[in-house]
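Below is entry-v6.txt, holding compact mmCIF, C-alpha atoms.
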# COMPACT_ATOMS: atom_id res chain seq x y z
CA MET A 449 75.08 74.95 109.42
CA GLU A 450 78.79 75.16 110.00
CA TYR A 451 81.12 74.36 107.16
CA ALA A 452 84.58 73.60 108.30
CA LEU A 453 85.51 72.11 104.97
CA ASN A 454 87.47 73.70 102.25
CA ILE A 455 86.38 73.42 98.66
CA ASP A 456 89.83 72.10 97.80
CA SER A 457 89.04 68.90 99.62
CA PHE A 458 86.49 68.07 96.93
CA GLN A 459 87.33 66.71 93.53
CA GLY A 460 84.54 68.67 91.89
CA PRO A 461 80.88 69.61 92.12
CA LEU A 462 79.71 65.98 92.04
CA ASP A 463 81.97 65.17 94.96
CA LEU A 464 80.65 68.15 96.88
CA LEU A 465 77.05 67.18 96.16
CA LEU A 466 77.66 63.62 97.32
CA HIS A 467 79.15 65.00 100.50
CA LEU A 468 76.14 67.25 101.13
CA ILE A 469 73.73 64.38 100.45
CA LYS A 470 75.58 62.18 102.89
CA GLU A 471 75.70 64.91 105.51
CA SER A 472 71.96 65.44 105.39
CA LYS A 473 71.33 61.67 105.32
CA MET A 474 69.26 62.00 102.21
CA ASP A 475 68.33 59.09 99.99
CA ILE A 476 70.08 59.58 96.72
CA PHE A 477 67.16 58.04 94.82
CA ASP A 478 64.77 60.46 96.46
CA LEU A 479 66.74 63.62 96.17
CA LYS A 480 65.15 66.59 97.90
CA ILE A 481 66.24 68.94 95.21
CA GLU A 482 65.21 72.12 96.95
CA GLU A 483 67.03 71.30 100.11
CA ILE A 484 70.17 70.15 98.37
CA THR A 485 70.18 73.14 96.02
CA ASN A 486 69.97 75.51 98.95
CA GLN A 487 72.77 73.76 100.75
CA TYR A 488 74.90 73.72 97.65
CA LEU A 489 74.36 77.40 96.93
CA GLU A 490 74.96 78.29 100.53
CA TYR A 491 78.24 76.45 100.41
CA ILE A 492 79.31 78.14 97.19
CA ASN A 493 78.35 81.57 98.53
CA LYS A 494 80.33 80.97 101.71
CA MET A 495 83.31 80.12 99.59
CA GLU A 496 82.90 83.26 97.54
CA GLU A 497 82.64 85.36 100.70
CA MET A 498 85.96 83.94 101.74
CA ASN A 499 87.30 85.15 98.43
CA LEU A 500 88.12 81.68 97.31
CA ASN A 501 88.24 81.04 93.65
CA ILE A 502 85.37 78.88 92.64
CA ALA A 503 86.08 76.79 89.61
CA SER A 504 83.59 77.36 86.85
CA SER A 505 82.46 73.74 87.02
CA TYR A 506 80.96 74.46 90.45
CA LEU A 507 79.00 77.37 89.02
CA VAL A 508 77.77 75.23 86.14
CA MET A 509 76.42 72.80 88.72
CA SER A 510 74.63 75.64 90.53
CA ALA A 511 72.87 76.52 87.32
CA GLU A 512 72.01 72.89 86.70
CA LEU A 513 70.53 72.50 90.18
CA LEU A 514 68.45 75.61 89.78
CA GLU A 515 67.18 74.37 86.45
CA ILE A 516 66.11 71.08 87.94
CA LYS A 517 64.51 72.90 90.83
CA SER A 518 62.49 75.12 88.53
CA LYS A 519 61.41 72.16 86.43
CA MET A 520 60.21 70.42 89.57
CA LEU A 521 58.03 73.43 90.37
CA LEU A 522 56.30 73.34 87.03
CA PRO A 523 53.05 71.40 87.05
CA ARG A 524 53.63 67.91 85.77
CA HIS A 525 51.54 66.53 82.98
CA THR A 526 49.25 64.04 84.56
CA LEU A 527 47.64 63.00 81.34
CA GLU A 528 46.93 59.37 81.40
CA GLU A 529 49.26 58.49 78.65
CA GLU A 530 51.46 55.48 78.47
CA GLU A 531 54.55 57.61 78.27
CA GLU A 532 56.08 58.17 81.61
CA GLU A 533 57.14 61.70 82.35
CA GLU A 534 60.84 61.80 82.98
CA ASP A 535 61.86 63.00 86.38
CA PRO A 536 64.08 66.07 85.92
CA ARG A 537 66.33 64.74 88.66
CA ASP A 538 67.11 61.51 86.87
CA SER A 539 70.05 62.68 84.86
CA LEU A 540 71.75 64.23 87.87
CA VAL A 541 71.05 61.23 90.08
CA ASN A 542 72.52 58.90 87.46
CA ARG A 543 75.64 60.99 87.22
CA LEU A 544 76.01 61.09 90.98
CA ILE A 545 75.65 57.35 91.25
CA GLU A 546 78.10 56.69 88.47
CA TYR A 547 80.61 59.08 89.95
CA GLN A 548 80.14 57.50 93.36
CA ARG A 549 81.00 54.08 91.94
CA TYR A 550 84.34 55.26 90.57
CA LYS A 551 85.02 57.17 93.74
CA ASP A 552 84.45 54.01 95.77
CA LEU A 553 86.93 52.20 93.57
CA THR A 554 89.74 54.61 94.26
CA GLY A 555 90.07 53.08 97.71
CA GLU A 556 90.94 49.76 96.15
CA PHE A 557 93.43 51.37 93.82
CA LYS A 558 94.96 53.21 96.75
CA ASN A 559 95.37 49.87 98.46
CA LEU A 560 96.96 48.28 95.39
CA GLU A 561 99.34 51.21 95.12
CA PHE A 562 100.27 50.81 98.78
CA GLU A 563 100.93 47.08 98.37
CA ARG A 564 102.96 47.59 95.19
CA GLN A 565 105.18 50.12 96.89
CA LYS A 566 106.27 47.48 99.33
CA ILE A 567 108.39 45.82 96.65
CA PHE A 568 111.17 47.29 94.60
CA THR A 569 112.40 46.64 91.12
CA LYS A 570 115.67 47.95 89.77
CA ILE A 571 116.51 49.96 86.71
CA PRO A 572 117.97 47.94 83.82
CA GLU A 573 121.69 47.36 83.64
CA ASN A 574 123.64 49.43 81.20
CA ILE A 575 124.52 46.98 78.46
CA ARG A 576 125.40 49.60 75.90
CA GLU A 577 128.83 48.14 75.33
CA TYR A 578 127.18 45.16 73.68
CA VAL A 579 125.20 47.28 71.30
CA GLU A 580 126.42 47.28 67.73
CA ASP A 581 126.56 50.76 66.31
CA ASN A 582 125.04 50.07 62.96
CA GLN A 583 121.91 48.58 64.33
CA VAL A 584 118.99 49.58 62.17
CA ILE A 585 115.55 49.93 63.60
CA ASN A 586 112.96 48.90 61.11
CA GLY A 587 110.68 51.70 60.15
CA GLY A 588 107.12 51.40 61.29
CA GLU A 589 108.02 49.35 64.33
CA VAL A 590 108.50 52.34 66.53
CA THR A 591 105.65 54.68 67.31
CA LEU A 592 105.77 58.22 68.58
CA ASP A 593 104.66 56.91 71.95
CA ASP A 594 107.70 54.65 72.12
CA LEU A 595 109.95 57.61 71.50
CA ILE A 596 108.25 59.71 74.13
CA ALA A 597 108.35 56.84 76.58
CA ALA A 598 112.04 56.26 75.87
CA PHE A 599 112.84 59.91 76.34
CA GLN A 600 110.83 60.04 79.56
CA LYS A 601 112.74 57.05 80.87
CA PHE A 602 116.00 58.63 79.86
CA LEU A 603 115.12 61.76 81.81
CA ASP A 604 114.12 59.73 84.85
CA ARG A 605 117.33 57.77 84.79
CA GLN A 606 119.32 60.92 84.24
CA LYS A 607 117.69 62.33 87.34
CA GLN A 608 118.85 59.36 89.37
CA LYS A 609 122.39 59.82 88.19
CA GLN A 610 122.59 63.32 89.56
CA PRO A 611 124.67 63.81 92.67
CA LEU A 612 122.78 64.83 95.76
CA ASN A 613 124.63 68.10 96.13
CA THR A 614 125.65 70.25 93.26
CA LYS A 615 126.92 73.74 93.02
CA VAL A 616 125.21 75.72 90.37
CA THR A 617 127.15 78.43 88.69
CA SER A 618 125.81 80.06 85.65
CA ARG A 619 127.85 82.01 83.23
CA GLU A 620 125.60 84.73 82.11
CA ILE A 621 125.65 85.95 78.59
CA THR A 622 123.72 89.10 78.00
CA VAL A 623 122.19 90.17 74.74
CA GLU A 624 124.36 93.27 74.89
CA HIS A 625 127.47 91.16 75.29
CA ARG A 626 126.58 88.91 72.38
CA ARG A 627 125.68 91.91 70.29
CA ARG A 628 129.12 93.35 70.69
CA SER A 629 130.80 90.11 69.68
CA ILE A 630 128.57 89.76 66.63
CA LYS A 631 129.48 93.30 65.69
CA LYS A 632 133.12 92.35 65.92
CA ILE A 633 132.58 89.35 63.67
CA LEU A 634 130.76 91.48 61.14
CA LEU A 635 133.46 94.13 61.13
CA ALA A 636 136.03 91.50 60.37
CA LYS A 637 134.09 89.40 57.84
CA LYS A 638 131.55 91.91 56.44
CA LYS A 639 129.03 89.10 56.06
CA VAL A 640 128.38 85.95 57.99
CA ASN A 641 126.14 82.93 57.63
CA PHE A 642 123.36 83.17 60.18
CA MET A 643 123.87 79.59 61.32
CA GLU A 644 127.54 80.22 61.99
CA LEU A 645 126.59 82.59 64.78
CA PHE A 646 125.26 79.65 66.77
CA ASP A 647 128.63 78.10 67.42
CA VAL A 648 127.76 77.02 70.93
CA ILE A 649 124.72 74.86 71.36
CA ASN A 650 123.05 75.56 74.62
CA ARG A 651 119.67 77.04 75.11
CA GLU A 652 120.75 80.27 76.70
CA TYR A 653 123.39 80.97 74.07
CA VAL A 654 121.03 80.25 71.20
CA VAL A 655 118.29 82.44 72.61
CA VAL A 656 120.64 85.30 73.42
CA THR A 657 122.26 85.13 69.99
CA PHE A 658 118.90 85.12 68.28
CA LEU A 659 117.72 88.11 70.30
CA ALA A 660 120.96 89.93 69.59
CA VAL A 661 120.54 89.46 65.82
CA LEU A 662 116.95 90.69 65.97
CA GLU A 663 117.96 93.67 68.04
CA MET A 664 120.76 94.55 65.66
CA ALA A 665 118.46 94.26 62.68
CA LYS A 666 116.02 96.56 64.38
CA GLU A 667 118.74 99.09 65.11
CA LYS A 668 119.89 98.72 61.49
CA GLU A 669 123.31 97.50 62.56
CA LEU A 670 122.99 94.57 60.20
CA ILE A 671 120.86 93.40 57.30
CA ILE A 672 119.37 89.94 57.18
CA ARG A 673 119.25 88.61 53.66
CA GLN A 674 118.02 85.44 52.07
CA GLU A 675 118.16 85.18 48.31
CA ASN A 676 115.76 82.33 47.76
CA ASN A 677 113.50 80.22 49.89
CA PHE A 678 115.52 77.78 51.97
CA ASP A 679 118.82 79.44 51.07
CA ASP A 680 121.24 80.18 53.85
CA ILE A 681 120.42 83.31 55.74
CA ILE A 682 123.20 85.86 55.51
CA CYS A 683 123.82 88.65 57.96
CA GLU A 684 125.60 91.64 56.43
CA VAL A 685 126.98 94.88 57.77
CA THR A 686 124.96 97.88 56.82
CA HIS A 687 126.63 100.29 54.45
CA GLU A 688 125.98 103.70 55.73
CA MET B 342 125.88 24.06 77.84
CA ASN B 343 124.84 26.81 80.14
CA ASN B 344 122.26 26.24 82.76
CA LYS B 345 119.19 27.95 81.32
CA VAL B 346 117.65 28.74 84.68
CA ALA B 347 120.82 30.60 85.60
CA VAL B 348 120.79 32.48 82.29
CA LEU B 349 117.15 33.40 82.83
CA GLU B 350 117.97 34.73 86.27
CA GLY B 351 120.77 36.83 84.80
CA LEU B 352 118.52 38.10 82.05
CA LEU B 353 115.87 39.19 84.50
CA PHE B 354 118.51 40.92 86.58
CA VAL B 355 119.84 42.80 83.56
CA VAL B 356 116.48 44.03 82.27
CA GLY B 357 115.33 45.15 85.71
CA ASP B 358 112.03 47.00 85.75
CA GLU B 359 111.68 46.78 82.00
CA GLY B 360 110.99 43.10 82.43
CA LEU B 361 110.82 40.33 79.88
CA THR B 362 107.87 38.94 77.98
CA LEU B 363 107.44 35.24 77.53
CA ASN B 364 108.23 35.69 73.84
CA GLN B 365 111.50 37.43 74.58
CA ILE B 366 112.54 34.62 76.88
CA MET B 367 111.71 32.09 74.17
CA ASP B 368 113.66 34.04 71.55
CA ILE B 369 116.75 34.68 73.59
CA LEU B 370 117.06 31.19 75.02
CA GLU B 371 115.85 29.61 71.79
CA ILE B 372 113.32 27.42 73.53
CA ASP B 373 109.63 26.72 73.08
CA ILE B 374 106.83 28.08 75.22
CA ASP B 375 106.52 25.04 77.46
CA GLU B 376 110.20 24.99 78.27
CA ALA B 377 110.14 28.74 78.93
CA LYS B 378 107.24 28.36 81.33
CA ALA B 379 108.97 25.47 83.06
CA LEU B 380 112.14 27.53 83.49
CA ILE B 381 110.23 30.44 84.97
CA LEU B 382 108.43 28.11 87.32
CA GLU B 383 111.68 26.50 88.39
CA LEU B 384 113.33 29.85 89.07
CA ARG B 385 110.23 31.07 90.82
CA GLN B 386 110.20 28.09 93.13
CA SER B 387 113.84 28.51 94.03
CA TYR B 388 113.08 32.09 95.07
CA GLU B 389 110.31 30.94 97.36
CA SER B 390 112.87 29.79 99.88
CA ALA B 391 113.01 32.06 102.91
CA SER B 392 116.75 32.43 102.39
CA ARG B 393 116.24 34.30 99.11
CA GLY B 394 115.62 38.05 98.92
CA ILE B 395 114.05 38.35 95.49
CA LYS B 396 111.12 36.95 93.61
CA ILE B 397 109.58 36.89 90.17
CA ASN B 398 106.52 39.00 89.56
CA ILE B 399 104.30 39.43 86.55
CA LEU B 400 103.75 43.15 86.37
CA GLY B 401 102.14 44.79 83.37
CA ASP B 402 102.38 41.61 81.32
CA ARG B 403 106.12 41.19 81.89
CA PHE B 404 108.26 39.07 84.14
CA LYS B 405 110.25 41.21 86.53
CA LEU B 406 112.47 40.57 89.50
CA SER B 407 111.54 42.43 92.65
CA THR B 408 112.27 42.40 96.33
CA LYS B 409 109.93 40.67 98.74
CA LYS B 410 107.19 42.49 100.59
CA GLU B 411 108.20 41.12 103.96
CA HIS B 412 111.61 42.79 103.73
CA ARG B 413 110.22 46.21 103.13
CA GLU B 414 111.20 47.73 106.45
CA TYR B 415 114.87 47.07 105.78
CA TYR B 416 114.84 48.83 102.43
CA GLN B 417 113.12 51.73 104.06
CA LYS B 418 116.11 52.25 106.28
CA LEU B 419 118.11 52.97 103.13
CA ILE B 420 115.98 55.97 102.40
CA GLU B 421 116.84 58.93 104.52
CA THR B 422 113.88 61.08 103.68
CA PRO B 423 110.99 58.89 102.78
CA GLU B 424 109.03 60.66 100.11
CA ASN B 425 105.39 60.04 99.90
CA ASN B 426 105.08 59.34 96.25
CA THR B 427 101.48 58.40 95.94
CA LEU B 428 98.86 59.49 93.46
CA SER B 429 96.26 62.08 94.39
CA GLN B 430 92.60 61.26 94.77
CA ALA B 431 91.89 63.08 91.51
CA ALA B 432 94.55 61.03 89.70
CA LEU B 433 93.20 57.72 91.05
CA GLU B 434 89.68 58.69 90.09
CA THR B 435 90.72 59.56 86.55
CA LEU B 436 92.76 56.38 86.18
CA ALA B 437 89.84 54.27 87.38
CA ILE B 438 87.54 55.88 84.83
CA VAL B 439 90.04 55.31 82.02
CA ALA B 440 90.81 51.74 83.06
CA TYR B 441 87.19 50.58 82.94
CA ASN B 442 86.13 52.49 79.84
CA GLU B 443 89.17 52.64 77.62
CA PRO B 444 89.65 53.88 75.05
CA LEU B 445 87.72 57.05 75.75
CA THR B 446 87.97 60.77 75.14
CA ARG B 447 88.68 63.54 77.58
CA VAL B 448 85.11 64.82 77.34
CA GLU B 449 83.76 61.43 78.36
CA ILE B 450 86.05 61.49 81.40
CA ASP B 451 84.96 65.06 82.18
CA GLU B 452 81.32 64.01 82.04
CA ILE B 453 81.81 61.35 84.69
CA ARG B 454 84.01 63.46 86.94
CA GLY B 455 82.07 66.71 86.53
CA VAL B 456 85.30 68.66 86.17
CA ASN B 457 87.77 69.40 83.41
CA SER B 458 90.44 66.70 83.30
CA ARG B 459 92.81 68.19 80.74
CA ASP B 460 95.66 68.91 83.12
CA MET B 461 95.18 65.66 84.95
CA LEU B 462 95.38 63.70 81.70
CA ARG B 463 98.53 65.54 80.73
CA LYS B 464 100.09 64.64 84.08
CA LEU B 465 99.11 60.99 83.77
CA VAL B 466 100.48 60.80 80.23
CA ALA B 467 103.74 62.35 81.45
CA LYS B 468 103.91 59.73 84.20
CA GLY B 469 103.42 57.05 81.57
CA LEU B 470 100.31 55.68 83.26
CA ILE B 471 98.05 56.42 80.33
CA LYS B 472 98.71 56.99 76.66
CA GLU B 473 96.98 58.37 73.64
CA GLU B 474 95.49 55.56 71.65
CA GLY B 475 94.24 56.80 68.33
CA ARG B 476 91.38 59.14 67.73
CA SER B 477 87.65 58.80 68.06
CA GLU B 478 85.36 59.10 65.06
CA LEU B 479 83.38 61.78 66.89
CA PRO B 480 83.37 65.30 65.44
CA GLY B 481 86.74 66.91 65.87
CA ARG B 482 88.34 63.48 66.09
CA PRO B 483 89.24 63.84 69.78
CA ILE B 484 92.13 61.85 71.20
CA LEU B 485 91.32 58.52 72.85
CA TYR B 486 93.08 57.58 76.06
CA ALA B 487 93.97 54.16 77.42
CA THR B 488 96.04 52.78 80.27
CA THR B 489 99.58 51.45 79.79
CA ASN B 490 101.63 48.51 81.05
CA GLU B 491 103.26 50.94 83.48
CA PHE B 492 99.80 51.56 84.89
CA LEU B 493 99.44 47.83 85.59
CA ASP B 494 102.91 47.69 87.13
CA TYR B 495 102.20 50.75 89.26
CA PHE B 496 99.30 48.95 90.92
CA GLY B 497 101.11 45.61 91.00
CA LEU B 498 98.78 44.02 88.45
CA SER B 499 99.72 41.37 85.90
CA SER B 500 97.01 42.19 83.39
CA LYS B 501 93.74 44.04 83.05
CA ASP B 502 91.91 40.94 84.25
CA ASP B 503 93.33 41.66 87.69
CA LEU B 504 91.63 45.03 88.00
CA PRO B 505 89.28 45.32 90.97
CA LYS B 506 85.81 44.08 90.09
CA PHE B 507 83.62 46.76 88.69
CA GLU B 508 80.09 45.80 87.79
CA LYS B 509 78.66 47.91 85.08
CA GLN B 510 75.03 48.70 85.73
CA VAL B 511 72.90 46.33 83.75
CA GLU B 512 71.00 48.92 81.75
CA ASP B 513 74.19 50.81 81.11
CA VAL B 514 75.92 47.81 79.70
CA ILE B 515 73.51 47.62 76.82
CA ASP B 516 73.76 51.33 76.08
CA ASP B 517 77.49 51.38 76.46
CA THR B 518 78.16 48.54 74.12
CA ASP B 519 75.96 50.13 71.50
CA LEU B 520 77.85 53.36 71.78
CA TYR B 521 81.09 51.49 71.81
CA HIS B 522 80.36 49.82 68.53
CA SER B 523 79.00 52.83 66.74
CA ARG B 524 81.81 55.11 67.78
CA TYR B 525 84.92 53.10 68.04
CA VAL B 526 84.56 50.32 65.63
CA ASP B 527 87.56 49.63 63.45
CA ILE B 528 89.72 52.21 65.12
CA ASP B 529 92.53 49.76 65.57
CA GLU B 530 92.44 48.92 61.91
CA LYS B 531 92.52 52.57 61.00
CA ILE B 532 95.61 53.20 63.06
CA GLU B 533 97.40 50.36 61.41
CA THR B 534 96.62 51.40 57.88
Show me the file's structure as structure tokens.
Amino acid sequence: MEYALNIDSFQGPLDLLLHLIKESKMDIFDLKIEEITNQYLEYINKMEEMNLNIASSYLVMSAELLEIKSKMLLPRHTLEEEEEEEDPRDSLVNRLIEYQRYKDLTGEFKNLEFERQKIFTKIPENIREYVEDNQVINGGEVTLDDLIAAFQKFLDRQKQKQPLNTKVTSREITVEHRRRSIKKILLAKKKVNFMELFDVINREYVVVTFLAVLEMAKEKELIIRQENNFDDIICEVTHE
Amino acid sequence: MNNKVAVLEGLLFVVGDEGLTLNQIMDILEIDIDEAKALILELRQSYESASRGIKINILGDRFKLSTKKEHREYYQKLIETPENNTLSQAALETLAIVAYNEPLTRVEIDEIRGVNSRDMLRKLVAKGLIKEEGRSELPGRPILYATTNEFLDYFGLSSKDDLPKFEKQVEDVIDDTDLYHSRYVDIDEKIET
């Protein structure tokens, strides 16, 4: 059998199985487990030969199929008891059917999405000038989710405000550079509050400064001291 | 005395895609529910005229102004490079599972999909289509996920009642409700306390 399909076109092992079942025109309620297991394994092996990464979930399914297959081979108890022996395929078949039902639904959602994208809404007007500064938000009314949602919205809106073309220039600060300036500060002041070193708040500057302090401590160019818990951290020149 | 329909129109314009709830409209205009509904209906009717370019929608439980479907092609001309911003098959699948079973845990989603959904859930939370809604009483107290109002808006739905019909299998319904009660009972109360 020729497989022109890529494993990436499947959402997972259940999707792949459904595809194989459909291809071989099998009745899902009367799964020929041996046949489908062979096809599945063949497919997975082909993929491995092509050096494609097979997600572990596909391998788990292989094991599951083989387990069902081996159970099917075992002689079934035909004792005339009331209890009905469970078909080892049942669990898999149920999962396949359930998955199939959600999969079928995605078409409808796709359609809804398509229809919704035909209309546009606008972002809210900026009415900040009407906001009174000392507005107090009552505690307990705002959840973490609200905050995250608000921040997410802020980021989205910020994105829309960006000009289409921008020139990006970055002023690079190196650890070495920052180290020299900290050394200068220390020479002049002998000791300095750790927090004072972060006089510019941007990520790069903070990271570089932090690295510089660590580096200097390692090279014994400064001593980091903190008298008590939660006291200010003081960086001092080393007395050699 | 300002014309309340006109004020309502302005309000809806100002709030844009954040929309207004019926309660907000009642509060701001200081009117009762019947009057609020009547105002919305009046405004809605005036938009129905072919000479108007906007309409009122109920999306995700809120009233929002939007353009009309039939004018879509003109708006498209505004966009130079039309991006195809649609959700992937995997995302739709996951959303469908959440929508019909919420609140549920990641493992329950994984079981139905047969694959790990962690990254997908993270993406959907970041997009605001689903949110964390408390924790299950199962061992490890895993996070429960549910869909949001943005989810409804994204698919142009007013409320969950508008979701495509999805018949739960008869036998499953019994099992599911049992599970539902044993596992998730009182979770809302617990969050509140």
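Contacts from chain A to chain B at a cut-off of 6 Å (all atoms listed in the file) map to Gly460, Ser505, Tyr547, Thr554, Leu560, Glu561, Arg564, Lys566, Ile567, Phe568, Thr569, Lys570, Ile571, Pro572 and Glu573 of chain A.
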Close residues, B:Ile366 itself excluded, 12 Å, all atoms listed in the file, min 2 positions apart in chain, as a PyMOL selection string:
chain B and resi 345-346+348-353+356+360-364+368-381+403-405
Given the choices A:Ile502, A:Ile596, A:Pro461, A:Leu507, which gets closest to A:Leu544 if the distance is worked out from all atoms listed in the file?
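Between A:Ile502, A:Ile596, A:Pro461, A:Leu507, the residue approaching A:Leu544 most closely is A:Pro461.
Across the model, the gap from atom CA of A:Asp604 to atom CA of A:Phe646 is 29.1 Å.
Going from atom CA of A:Met520 over to atom CA of A:Glu483, you cover 12.6 Å.
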So that I can see what lies close to stretch 500-503 of chain B, please list as a PDB file with C-alpha atoms, keeping the file's coordinate frame the residues with an atom at most 7 Å from it, counting only C-alpha atoms and leaving out residues fewer than 3 positions away in the same chain.
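Produced file part_38.pdb, reproduced below:
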ATOM      1  CA  GLY B 401     102.140  44.790  83.370  1.00  0.00           C
ATOM      2  CA  ASP B 402     102.380  41.610  81.320  1.00  0.00           C
ATOM      3  CA  LEU B 493      99.440  47.830  85.590  1.00  0.00           C
TER       4      LEU B 493
END
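Proximity to A:Glu620 at 12 Å, evaluated using all atoms listed in the file and with sequence-adjacent residues fewer than 6 positions away removed, yields Arg626, Arg651, Glu652, Tyr653 and Val656 of chain A.
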Hey, can you check how far atom CA of A:Leu592 sits from atom CA of A:Gln608?
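Value for the atom CA of A:Leu592-atom CA of A:Gln608 distance: 24.6 Å.
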For each of B:Ile399, B:Leu445, B:Leu384, B:Val439, take the minimum atom-to-atom distance to B:Pro483, counting all atoms listed in the file, then give the residue where this is smallest.
B:Leu445
Selection near A:Ile672, 12 Å with only C-alpha atoms, sequence-local residues under 2 positions removed, as a PyMOL selection string:
chain A and resi 639-642+661-666+668-670+674-675+680-686
Near stretch 510-515 of chain A, counting all atoms listed in the file, which residues have an atom at most 12 Å away, once you skip same-chain residues fewer than 2 positions from it, shown as an MDAnalysis selection string?
(chainID A and resid 461:462 464:465 479:493 502:508 517:522 536:541) or (chainID B and resid 455)
Taking only C-alpha atoms into account, name the residue in A:Leu466, A:Leu595, A:Met498, A:Leu603 that is nearest to A:Arg549.
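Nearest candidate to A:Arg549 out of A:Leu466, A:Leu595, A:Met498, A:Leu603: A:Leu466.
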Write out N, CA and C atoms for stretch 342-356 of chain B, as an mmCIF file, in the coordinates of the input.
data_model
loop_
_atom_site.group_PDB
_atom_site.id
_atom_site.type_symbol
_atom_site.label_atom_id
_atom_site.label_comp_id
_atom_site.auth_asym_id
_atom_site.auth_seq_id
_atom_site.Cartn_x
_atom_site.Cartn_y
_atom_site.Cartn_z
ATOM 1 N N MET B 342 127.278 23.642 77.794
ATOM 2 C CA MET B 342 125.880 24.060 77.840
ATOM 3 C C MET B 342 125.593 24.817 79.123
ATOM 4 N N ASN B 343 125.140 26.020 78.960
ATOM 5 C CA ASN B 343 124.840 26.810 80.140
ATOM 6 C C ASN B 343 123.527 26.370 80.779
ATOM 7 N N ASN B 344 123.502 26.522 82.067
ATOM 8 C CA ASN B 344 122.260 26.240 82.760
ATOM 9 C C ASN B 344 121.247 27.338 82.438
ATOM 10 N N LYS B 345 120.137 26.949 81.813
ATOM 11 C CA LYS B 345 119.190 27.950 81.320
ATOM 12 C C LYS B 345 118.488 28.710 82.433
ATOM 13 N N VAL B 346 118.284 28.029 83.563
ATOM 14 C CA VAL B 346 117.650 28.740 84.680
ATOM 15 C C VAL B 346 118.559 29.888 85.138
ATOM 16 N N ALA B 347 119.870 29.575 85.175
ATOM 17 C CA ALA B 347 120.820 30.600 85.600
ATOM 18 C C ALA B 347 120.841 31.757 84.615
ATOM 19 N N VAL B 348 120.792 31.425 83.314
ATOM 20 C CA VAL B 348 120.790 32.480 82.290
ATOM 21 C C VAL B 348 119.537 33.332 82.443
ATOM 22 N N LEU B 349 118.411 32.673 82.656
ATOM 23 C CA LEU B 349 117.150 33.400 82.830
ATOM 24 C C LEU B 349 117.235 34.363 84.009
ATOM 25 N N GLU B 350 117.821 33.879 85.095
ATOM 26 C CA GLU B 350 117.970 34.730 86.270
ATOM 27 C C GLU B 350 118.804 35.963 85.931
ATOM 28 N N GLY B 351 119.906 35.719 85.217
ATOM 29 C CA GLY B 351 120.770 36.830 84.800
ATOM 30 C C GLY B 351 120.031 37.806 83.901
ATOM 31 N N LEU B 352 119.276 37.249 82.979
ATOM 32 C CA LEU B 352 118.520 38.100 82.050
ATOM 33 C C LEU B 352 117.553 39.011 82.807
ATOM 34 N N LEU B 353 116.846 38.418 83.734
ATOM 35 C CA LEU B 353 115.870 39.190 84.500
ATOM 36 C C LEU B 353 116.552 40.264 85.327
ATOM 37 N N PHE B 354 117.749 39.930 85.817
ATOM 38 C CA PHE B 354 118.510 40.920 86.580
ATOM 39 C C PHE B 354 118.887 42.096 85.684
ATOM 40 N N VAL B 355 119.372 41.773 84.482
ATOM 41 C CA VAL B 355 119.840 42.800 83.560
ATOM 42 C C VAL B 355 118.704 43.739 83.119
ATOM 43 N N VAL B 356 117.554 43.177 82.798
ATOM 44 C CA VAL B 356 116.480 44.030 82.270
ATOM 45 C C VAL B 356 115.757 44.811 83.360
#
